[in-house]
file query-v6.txt (compact mmCIF, C-alpha atoms)
# COMPACT_ATOMS: atom_id res chain seq x y z
CA MET U 1 10.08 14.22 33.91
CA PRO U 2 9.51 17.11 31.41
CA LEU U 3 9.04 14.51 28.65
CA ILE U 4 6.36 12.82 30.73
CA VAL U 5 4.67 16.21 31.24
CA LEU U 6 4.69 16.79 27.46
CA ILE U 7 3.11 13.39 26.85
CA ILE U 8 0.45 14.11 29.47
CA LEU U 9 -0.28 17.52 27.89
CA LEU U 10 -0.71 15.95 24.46
CA ALA U 11 -2.99 13.29 25.94
CA LEU U 12 -5.09 15.94 27.70
CA ALA U 13 -5.22 18.02 24.51
CA THR U 14 -6.43 15.01 22.54
CA ALA U 15 -9.10 14.33 25.16
CA LEU U 16 -10.21 17.98 25.08
CA GLN U 17 -10.46 17.79 21.31
CA PHE U 18 -12.97 14.93 21.56
CA ILE U 19 -14.87 16.46 24.48
CA ALA U 20 -14.95 20.19 23.69
CA GLY U 21 -14.17 20.34 19.98
CA ASP U 22 -11.68 22.71 18.35
CA PHE U 23 -9.54 25.16 20.28
CA PRO U 24 -11.40 28.50 20.86
CA VAL U 25 -9.09 30.54 18.63
CA ALA U 26 -11.35 33.60 18.40
CA PHE U 27 -11.34 34.01 22.19
CA PHE U 28 -7.61 34.88 22.12
CA ALA U 29 -7.93 37.81 19.70
CA PHE U 30 -6.09 41.10 20.29
CA PRO U 31 -5.10 42.21 22.89
CA LEU U 32 -5.19 38.89 24.78
CA ASN U 33 -2.90 37.13 22.29
CA VAL U 34 -0.28 39.89 22.59
CA VAL U 35 -0.41 39.73 26.40
CA LEU U 36 -0.01 35.94 26.39
CA LEU U 37 2.85 36.13 23.86
CA ALA U 38 4.69 38.68 26.01
CA LEU U 39 4.07 36.54 29.11
CA THR U 40 5.38 33.40 27.40
CA MET U 41 8.55 35.13 26.23
CA SER U 42 9.09 36.70 29.67
CA VAL U 43 8.77 33.35 31.45
CA VAL U 44 11.23 31.70 29.06
CA MET U 45 13.77 34.51 29.52
CA LEU U 46 13.41 34.42 33.31
CA LEU U 47 13.89 30.65 33.33
CA TRP U 48 17.00 31.05 31.19
CA LYS U 49 18.42 33.75 33.46
CA TYR U 50 17.62 32.32 36.88
CA ARG U 51 16.86 28.59 36.42
CA ARG U 52 19.33 27.58 33.75
CA LYS U 53 20.46 24.55 35.73
CA SER U 54 16.93 23.25 36.34
CA GLY U 55 15.78 19.95 34.89
CA PHE U 56 13.15 21.69 32.76
CA VAL U 57 15.60 24.04 31.05
CA ARG U 58 18.19 21.27 30.59
CA PHE U 59 15.53 19.12 28.91
CA MET U 60 14.37 21.95 26.62
CA LEU U 61 17.99 22.39 25.52
CA SER U 62 18.60 18.68 24.99
CA SER U 63 18.81 16.96 21.63
CA ALA U 64 15.76 14.88 22.54
CA ALA U 65 13.61 18.00 23.03
CA THR U 66 14.79 19.44 19.72
CA TYR U 67 14.13 16.22 17.79
CA ILE U 68 10.68 15.86 19.36
CA ALA U 69 9.75 19.50 18.70
CA PHE U 70 10.87 19.52 15.07
CA GLY U 71 9.55 16.00 14.47
CA LEU U 72 6.05 16.78 15.73
CA PHE U 73 5.99 20.16 13.99
CA LEU U 74 7.14 18.74 10.62
CA LEU U 75 4.71 15.83 10.94
CA MET U 76 1.83 18.24 11.47
CA VAL U 77 2.90 20.39 8.49
CA PHE U 78 3.31 17.26 6.33
CA VAL U 79 -0.17 15.97 7.18
CA ILE U 80 -1.73 19.37 6.44
CA GLY U 81 0.20 19.66 3.17
CA VAL U 82 -0.75 16.18 1.97
CA THR U 83 -4.39 16.16 3.07
CA GLY U 84 -5.18 19.87 2.76
CA PHE U 85 -6.96 19.73 6.14
CA ARG U 86 -6.09 23.21 7.42
CA TRP U 87 -8.58 22.77 10.26
CA ILE U 88 -5.92 20.64 11.98
CA ILE U 89 -4.17 23.88 13.01
CA GLY U 90 -7.15 24.77 15.19
CA THR U 91 -7.11 21.56 17.21
CA TRP U 92 -5.90 21.31 20.82
CA PRO U 93 -2.98 18.91 20.07
CA SER U 94 -1.72 21.24 17.32
CA VAL U 95 -1.77 24.20 19.70
CA VAL U 96 0.33 22.24 22.22
CA ILE U 97 2.78 21.13 19.50
CA ILE U 98 3.28 24.61 18.03
CA LEU U 99 3.64 26.24 21.46
CA TYR U 100 6.16 23.58 22.53
CA PHE U 101 8.08 24.12 19.28
CA GLN U 102 8.30 27.87 19.94
CA ILE U 103 9.51 27.45 23.51
CA VAL U 104 12.24 24.98 22.50
CA LEU U 105 13.33 27.33 19.70
CA MET U 106 13.51 30.29 22.10
CA PHE U 107 15.77 28.35 24.48
CA VAL U 108 17.98 27.23 21.58
CA ILE U 109 18.37 30.83 20.36
CA MET U 110 19.29 32.14 23.82
CA ARG U 111 21.92 29.45 24.23
CA GLY U 112 23.48 29.65 20.78
CA TRP U 113 23.33 33.23 19.52
CA ARG U 114 26.92 33.85 20.68
CA GLU U 115 30.11 31.92 20.03
CA LYS U 116 31.52 29.79 22.83
CA THR U 117 34.72 30.99 24.43
CA ALA U 118 37.54 28.91 25.84
CA THR U 119 36.72 29.69 29.48
CA GLY U 120 33.02 30.50 29.13
CA ALA U 121 33.62 33.58 31.29
CA ARG U 122 32.36 36.01 28.64
CA LEU U 123 30.18 36.04 25.55
CA GLY U 124 31.87 35.48 22.22
CA ALA U 125 31.13 36.93 18.79
CA ILE U 126 27.56 37.03 17.52
CA ARG U 127 26.66 34.08 15.28
CA TRP U 128 24.83 36.07 12.65
CA ARG U 129 23.86 33.14 10.42
CA PHE U 130 22.49 31.20 13.35
CA LEU U 131 20.67 34.28 14.66
CA PHE U 132 19.04 35.20 11.33
CA LEU U 133 17.90 31.65 10.54
CA HIS U 134 16.56 30.72 13.97
CA THR U 135 15.07 34.10 14.83
CA GLY U 136 13.45 34.33 11.40
CA LEU U 137 11.87 30.90 11.86
CA LEU U 138 10.68 31.82 15.37
CA ILE U 139 9.13 35.14 14.27
CA THR U 140 7.40 33.48 11.30
CA VAL U 141 5.90 30.69 13.41
CA MET U 142 4.95 33.10 16.21
CA SER U 143 3.23 35.50 13.83
CA ALA U 144 1.23 32.71 12.22
CA PHE U 145 0.32 31.13 15.56
CA TRP U 146 -0.44 34.16 17.72
CA GLY U 147 -1.91 36.10 14.80
CA GLN U 148 -4.46 33.42 13.91
CA PRO U 149 -7.14 34.90 16.25
CA ASP U 150 -6.83 38.27 14.46
CA LEU U 151 -7.12 36.76 10.97
CA SER U 152 -10.58 37.53 9.59
CA GLU U 153 -12.47 36.71 6.41
CA SER U 154 -15.69 38.29 5.23
CA ARG U 155 -17.87 38.26 2.12
CA VAL U 156 -19.88 40.94 0.42
CA LYS U 157 -21.99 41.34 -2.73
CA ALA U 158 -20.90 44.38 -4.73
CA PHE U 159 -23.77 45.60 -6.94
CA ARG U 160 -23.64 47.71 -10.09
CA ASN U 161 -23.56 51.43 -9.33
CA VAL U 162 -24.60 50.84 -5.70
CA PRO U 163 -21.89 51.55 -3.10
CA VAL U 164 -21.93 49.01 -0.25
CA SER U 165 -19.93 48.78 2.96
CA GLU U 166 -21.77 46.06 4.90
CA VAL U 167 -20.06 42.65 4.91
CA LEU U 168 -20.93 39.21 6.22
CA MET U 169 -18.46 37.62 8.64
CA GLU U 170 -17.62 33.90 8.87
CA ASP U 171 -19.99 33.39 11.79
CA GLY U 172 -22.89 34.89 9.83
CA SER U 173 -22.91 38.24 11.63
CA ALA U 174 -22.97 41.54 9.78
CA SER U 175 -20.16 44.08 10.05
CA TRP U 176 -19.13 47.33 8.44
CA ILE U 177 -15.94 48.27 6.59
CA THR U 178 -14.50 51.78 6.47
CA TYR U 179 -14.72 52.09 2.67
CA THR U 180 -17.24 51.41 -0.10
CA LEU U 181 -17.36 48.79 -2.85
CA GLU U 182 -19.16 49.35 -6.13
CA LEU U 183 -19.32 47.20 -9.29
CA LYS U 184 -18.72 49.13 -12.52
CA SER U 185 -18.43 46.39 -15.15
CA PHE U 186 -18.12 42.62 -15.38
CA ASP U 187 -16.85 40.22 -18.05
CA VAL U 188 -16.80 36.43 -18.40
CA LYS U 189 -14.72 34.33 -20.79
CA TYR U 190 -15.92 30.87 -21.77
CA GLY U 191 -14.01 27.83 -22.94
CA GLN U 192 -14.90 25.64 -25.90
CA ASP U 193 -17.08 23.49 -23.65
CA GLY U 194 -19.13 26.51 -22.64
CA VAL U 195 -17.82 26.51 -19.10
CA PRO U 196 -16.54 29.84 -17.70
CA SER U 197 -12.74 29.80 -17.90
CA ASP U 198 -12.05 33.26 -16.48
CA TYR U 199 -13.91 36.32 -15.29
CA SER U 200 -12.98 39.80 -14.18
CA ALA U 201 -14.68 42.80 -12.64
CA GLU U 202 -13.96 46.50 -12.56
CA LEU U 203 -14.84 47.96 -9.19
CA CYS U 204 -14.70 51.29 -7.50
CA ILE U 205 -13.03 50.66 -4.15
CA ASP U 206 -12.93 53.71 -1.94
CA ASP U 207 -13.15 56.04 -4.96
CA LYS U 208 -10.40 54.12 -6.80
CA ASN U 209 -11.04 52.05 -9.96
CA VAL U 210 -9.64 48.54 -9.57
CA LEU U 211 -9.68 45.56 -11.96
CA LEU U 212 -10.12 42.24 -10.15
CA ARG U 213 -9.59 38.78 -11.66
CA VAL U 214 -9.86 35.31 -10.19
CA ASN U 215 -6.79 34.47 -8.05
CA HIS U 216 -5.47 38.00 -8.57
CA PRO U 217 -6.49 39.88 -5.40
CA TYR U 218 -6.31 43.59 -4.86
CA SER U 219 -4.20 44.59 -1.86
CA ARG U 220 -5.97 47.56 -0.36
CA THR U 221 -3.30 47.58 2.36
CA PHE U 222 -0.39 45.25 3.04
CA ALA U 223 -2.52 43.36 5.56
CA GLU U 224 -5.82 43.35 3.62
CA ASP U 225 -6.60 41.59 0.32
CA ILE U 226 -9.83 41.63 -1.68
CA TYR U 227 -10.59 38.56 -3.83
CA LEU U 228 -13.12 38.09 -6.62
CA SER U 229 -14.83 34.83 -5.67
CA GLY U 230 -18.16 34.64 -7.50
CA TYR U 231 -20.98 36.22 -9.52
CA ASP U 232 -24.52 35.55 -10.72
CA VAL U 233 -23.82 32.56 -13.01
CA SER U 234 -27.32 32.66 -14.54
CA MET U 235 -26.72 36.20 -15.84
CA GLY U 236 -23.16 35.73 -17.14
CA SER U 237 -21.57 39.02 -18.21
CA ASP U 238 -24.84 40.78 -17.39
CA SER U 239 -24.52 39.85 -13.71
CA ASP U 240 -25.77 42.63 -11.47
CA TYR U 241 -23.35 41.75 -8.70
CA VAL U 242 -20.10 39.98 -7.86
CA VAL U 243 -19.13 38.20 -4.66
CA LEU U 244 -15.98 39.51 -2.98
CA GLN U 245 -13.93 37.94 -0.21
CA ILE U 246 -12.01 40.27 2.13
CA VAL U 247 -9.09 38.76 4.03
CA LYS U 248 -7.42 40.76 6.83
CA ASP U 249 -4.17 39.53 8.38
CA PRO U 250 -2.60 42.17 10.68
CA TRP U 251 0.23 39.78 11.60
CA ARG U 252 1.40 39.49 7.99
CA TYR U 253 4.08 42.06 8.77
CA GLY U 254 5.64 39.69 11.28
CA LYS U 255 5.49 36.71 8.95
CA THR U 256 7.07 38.71 6.13
CA PHE U 257 9.82 40.02 8.42
CA GLY U 258 10.56 36.49 9.65
CA ILE U 259 10.82 35.15 6.11
CA ILE U 260 13.18 37.99 5.16
CA LEU U 261 15.42 37.15 8.13
CA MET U 262 15.55 33.48 7.07
CA ILE U 263 16.43 34.47 3.49
CA VAL U 264 19.27 36.65 4.79
CA GLY U 265 20.44 33.76 6.99
CA VAL U 266 20.42 31.32 4.07
CA PHE U 267 22.36 33.82 1.94
CA LEU U 268 24.99 34.24 4.66
CA LEU U 269 25.16 30.46 5.11
CA PHE U 270 25.87 29.84 1.42
CA ALA U 271 28.14 32.87 1.09
CA GLY U 272 30.32 31.95 4.07
CA GLY U 273 30.13 28.17 3.96
CA PRO U 274 30.37 25.92 7.06
CA ARG U 275 32.63 27.15 9.81
CA ARG U 276 34.21 24.84 12.38
CA ARG U 277 34.39 26.07 15.95
CA TYR U 278 35.32 23.54 18.63
CA GLY U 279 36.22 19.94 17.90
CA ASN U 280 33.92 18.65 15.18
CA GLU U 281 31.06 21.10 15.87
CA ILE U 282 29.95 22.98 12.77
CA ASP U 283 28.16 26.33 12.73
call {"tool": "encode", "arguments": {"input": "query-v6.txt", "output": "structure tokens"}}
result
Amino acid sequence: MPLIVLIILLALATALQFIAGDFPVAFFAFPLNVVLLALTMSVVMLLWKYRRKSGFVRFMLSSAATYIAFGLFLLMVFVIGVTGFRWIIGTWPSVVIILYFQIVLMFVIMRGWREKTATGARLGAIRWRFLFLHTGLLITVMSAFWGQPDLSESRVKAFRNVPVSEVLMEDGSASWITYTLELKSFDVKYGQDGVPSDYSAELCIDDKNVLLRVNHPYSRTFAEDIYLSGYDVSMGSDSDYVVLQIVKDPWRYGKTFGIILMIVGVFLLFAGGPRRRYGNEID
């Protein structure tokens, strides 16, 4: 029955994609995304505590649920990686797949974070490798998924010796940043064919001189990067302005923490090697 429900949800999501277009990601910005994340985790924990014998929980802990979750998730990542179509993440079917993947992973972690005991009457030792790897993966995916509504990109023209703090958001609306941007100098390097091969700009960002180059952003904070993305091509090195892209990702802390946990888990896995527990089961 739960498998049938999943198929129906994917069918409905596909229909919604054709009828309503992409998933309204911006609508679920902070604090709504945090509330929904807490609600999702609470429901999963309550189901694990009080409805562990239910058909739904048994299905989510089955091998079939795990294979389906990882299969759909990896297929989606593969398609995005091969085609470069990042917009797929914002579709209704992708939202269902990623949410389903997280819920399955949460149930797997709650079941397997402790060793089994002979009688099952008490919890065994903590499976640190399992816990680091699975929790790290869950935190990374959760931070990317639930943090997507809070991810913002804006553009601004920084002029020579003119401090600016007004930026243009993705939807075309104007907004203000809490610091100023000012172009001090600009330089372009050309290849033998006369095409610009590299360019850099010295800017004053919040009273601090910063040298920006293409693909070398300046991290004003851990969650905010400033990229040099363009200039007045007709003026070359005499360009009166440069185009900057500001990317803010408040959930980067979570993604970084999740990746660190997975790295620690991989290190423990290789350091300790496989460990047999019961029968032929391997940790």
call {"tool": "residues_near_point", "arguments": {"input": "query-v6.txt", "point": "(2.7, 39.9, 10.3)", "cutoff": "10 Å", "atoms": "all atoms listed in the file", "output": "VMD selection string"}}
result
chain U and resid 139 to 140 142 to 144 146 to 147 222 to 223 249 to 258
call {"tool": "closest_residue", "arguments": {"input": "query-v6.txt", "among": "U:Tyr179, U:Tyr218, U:Phe159, U:Phe186", "to": "Tyr241 in chain U", "atoms": "only C-alpha atoms"}}
result
U:Phe159
call {"tool": "closest_residue", "arguments": {"input": "query-v6.txt", "among": "U:Ile98, U:Val35, U:Leu168, U:Met262", "to": "Leu74 in chain U", "atoms": "all atoms listed in the file"}}
result
U:Ile98
call {"tool": "residues_near_point", "arguments": {"input": "query-v6.txt", "point": "(-24.2, 49.9, -8.5)", "cutoff": "9 Å", "atoms": "all atoms listed in the file", "output": "tab-separated table (two decimals) with C-alpha atoms, in the frame of the given file"}}
result
chain	number	residue	atom	x	y	z
U	158	ALA	CA	-20.90	44.38	-4.73
U	159	PHE	CA	-23.77	45.60	-6.94
U	160	ARG	CA	-23.64	47.71	-10.09
U	161	ASN	CA	-23.56	51.43	-9.33
U	162	VAL	CA	-24.60	50.84	-5.70
U	163	PRO	CA	-21.89	51.55	-3.10
U	164	VAL	CA	-21.93	49.01	-0.25
U	181	LEU	CA	-17.36	48.79	-2.85
U	182	GLU	CA	-19.16	49.35	-6.13
U	183	LEU	CA	-19.32	47.20	-9.29
U	184	LYS	CA	-18.72	49.13	-12.52
U	240	ASP	CA	-25.77	42.63	-11.47
U	241	TYR	CA	-23.35	41.75	-8.70
call {"tool": "atom_distance", "arguments": {"input": "query-v6.txt", "atom1": "CA of Leu61 in chain U", "atom2": "CA of Arg111 in chain U"}}
result
8.2 Å
call {"tool": "residues_around", "arguments": {"input": "query-v6.txt", "residues": "Ala13 in chain U", "least_positions_apart": "4", "cutoff": "9 Å", "atoms": "only C-alpha atoms", "output": "list of chain:residue names"}}
result
U:Ile8, U:Leu9, U:Gln17, U:Phe18, U:Thr91, U:Trp92, U:Pro93, U:Ser94, U:Val95, U:Val96
call {"tool": "build_atoms", "arguments": {"input": "query-v6.txt", "residues": "range 184-195 of chain U", "atoms": "all heavy atoms", "output": "mmCIF file, keeping the file's coordinate frame"}}
result
data_model
loop_
_atom_site.group_PDB
_atom_site.id
_atom_site.type_symbol
_atom_site.label_atom_id
_atom_site.label_comp_id
_atom_site.auth_asym_id
_atom_site.auth_seq_id
_atom_site.Cartn_x
_atom_site.Cartn_y
_atom_site.Cartn_z
ATOM 1 N N LYS U 184 -18.588 48.273 -11.351
ATOM 2 C CA LYS U 184 -18.720 49.130 -12.520
ATOM 3 C C LYS U 184 -18.982 48.316 -13.787
ATOM 4 O O LYS U 184 -19.839 48.675 -14.598
ATOM 5 C CB LYS U 184 -17.457 49.981 -12.695
ATOM 6 C CG LYS U 184 -17.273 51.036 -11.612
ATOM 7 C CD LYS U 184 -18.419 52.042 -11.640
ATOM 8 C CE LYS U 184 -18.194 53.156 -10.650
ATOM 9 N NZ LYS U 184 -19.307 54.139 -10.647
ATOM 10 N N SER U 185 -18.234 47.241 -13.976
ATOM 11 C CA SER U 185 -18.430 46.390 -15.150
ATOM 12 C C SER U 185 -17.963 44.980 -14.826
ATOM 13 O O SER U 185 -17.183 44.770 -13.903
ATOM 14 C CB SER U 185 -17.659 46.935 -16.366
ATOM 15 O OG SER U 185 -16.255 46.935 -16.122
ATOM 16 N N PHE U 186 -18.444 44.024 -15.626
ATOM 17 C CA PHE U 186 -18.120 42.620 -15.380
ATOM 18 C C PHE U 186 -18.004 41.896 -16.706
ATOM 19 O O PHE U 186 -18.766 42.154 -17.650
ATOM 20 C CB PHE U 186 -19.206 41.969 -14.509
ATOM 21 C CG PHE U 186 -18.925 40.533 -14.172
ATOM 22 C CD1 PHE U 186 -17.921 40.189 -13.286
ATOM 23 C CD2 PHE U 186 -19.656 39.519 -14.764
ATOM 24 C CE1 PHE U 186 -17.642 38.865 -12.986
ATOM 25 C CE2 PHE U 186 -19.401 38.186 -14.464
ATOM 26 C CZ PHE U 186 -18.390 37.868 -13.580
ATOM 27 N N ASP U 187 -17.061 40.950 -16.806
ATOM 28 C CA ASP U 187 -16.850 40.220 -18.050
ATOM 29 C C ASP U 187 -16.499 38.768 -17.746
ATOM 30 O O ASP U 187 -15.755 38.491 -16.799
ATOM 31 C CB ASP U 187 -15.715 40.871 -18.862
ATOM 32 C CG ASP U 187 -15.486 40.153 -20.181
ATOM 33 O OD1 ASP U 187 -16.434 40.046 -20.976
ATOM 34 O OD2 ASP U 187 -14.352 39.691 -20.406
ATOM 35 N N VAL U 188 -17.057 37.861 -18.545
ATOM 36 C CA VAL U 188 -16.800 36.430 -18.400
ATOM 37 C C VAL U 188 -16.274 35.879 -19.710
ATOM 38 O O VAL U 188 -16.785 36.195 -20.785
ATOM 39 C CB VAL U 188 -18.085 35.653 -18.018
ATOM 40 C CG1 VAL U 188 -17.753 34.172 -17.795
ATOM 41 C CG2 VAL U 188 -18.717 36.223 -16.781
ATOM 42 N N LYS U 189 -15.245 35.026 -19.623
ATOM 43 C CA LYS U 189 -14.720 34.330 -20.790
ATOM 44 C C LYS U 189 -15.043 32.853 -20.666
ATOM 45 O O LYS U 189 -14.870 32.271 -19.600
ATOM 46 C CB LYS U 189 -13.206 34.545 -20.909
ATOM 47 C CG LYS U 189 -12.813 35.991 -21.170
ATOM 48 C CD LYS U 189 -11.301 36.146 -21.306
ATOM 49 C CE LYS U 189 -10.929 37.600 -21.556
ATOM 50 N NZ LYS U 189 -9.453 37.777 -21.661
ATOM 51 N N TYR U 190 -15.506 32.281 -21.779
ATOM 52 C CA TYR U 190 -15.920 30.870 -21.770
ATOM 53 C C TYR U 190 -14.974 30.028 -22.601
ATOM 54 O O TYR U 190 -14.413 30.489 -23.609
ATOM 55 C CB TYR U 190 -17.342 30.740 -22.327
ATOM 56 C CG TYR U 190 -18.389 31.445 -21.498
ATOM 57 C CD1 TYR U 190 -18.729 32.767 -21.755
ATOM 58 C CD2 TYR U 190 -19.041 30.786 -20.464
ATOM 59 C CE1 TYR U 190 -19.683 33.424 -20.994
ATOM 60 C CE2 TYR U 190 -20.011 31.432 -19.703
ATOM 61 C CZ TYR U 190 -20.323 32.750 -19.973
ATOM 62 O OH TYR U 190 -21.278 33.388 -19.223
ATOM 63 N N GLY U 191 -14.807 28.779 -22.172
ATOM 64 C CA GLY U 191 -14.010 27.830 -22.940
ATOM 65 C C GLY U 191 -14.834 27.194 -24.040
ATOM 66 O O GLY U 191 -16.025 27.500 -24.229
ATOM 67 N N GLN U 192 -14.204 26.294 -24.785
ATOM 68 C CA GLN U 192 -14.900 25.640 -25.900
ATOM 69 C C GLN U 192 -16.056 24.763 -25.421
ATOM 70 O O GLN U 192 -16.999 24.521 -26.177
ATOM 71 C CB GLN U 192 -13.905 24.786 -26.693
ATOM 72 C CG GLN U 192 -12.820 25.601 -27.392
ATOM 73 C CD GLN U 192 -11.868 24.737 -28.186
ATOM 74 O OE1 GLN U 192 -11.877 23.512 -28.058
ATOM 75 N NE2 GLN U 192 -11.050 25.375 -29.003
ATOM 76 N N ASP U 193 -16.002 24.323 -24.188
ATOM 77 C CA ASP U 193 -17.080 23.490 -23.650
ATOM 78 C C ASP U 193 -18.204 24.316 -23.047
ATOM 79 O O ASP U 193 -19.160 23.775 -22.488
ATOM 80 C CB ASP U 193 -16.529 22.533 -22.594
ATOM 81 C CG ASP U 193 -15.757 23.260 -21.500
ATOM 82 O OD1 ASP U 193 -15.679 24.513 -21.559
ATOM 83 O OD2 ASP U 193 -15.242 22.602 -20.579
ATOM 84 N N GLY U 194 -18.090 25.643 -23.152
ATOM 85 C CA GLY U 194 -19.130 26.510 -22.640
ATOM 86 C C GLY U 194 -19.050 26.798 -21.151
ATOM 87 O O GLY U 194 -19.910 27.480 -20.589
ATOM 88 N N VAL U 195 -18.015 26.284 -20.524
ATOM 89 C CA VAL U 195 -17.820 26.510 -19.100
ATOM 90 C C VAL U 195 -16.976 27.761 -18.891
ATOM 91 O O VAL U 195 -15.987 27.968 -19.604
ATOM 92 C CB VAL U 195 -17.137 25.290 -18.439
ATOM 93 C CG1 VAL U 195 -16.866 25.553 -16.970
ATOM 94 C CG2 VAL U 195 -17.984 24.048 -18.627
#
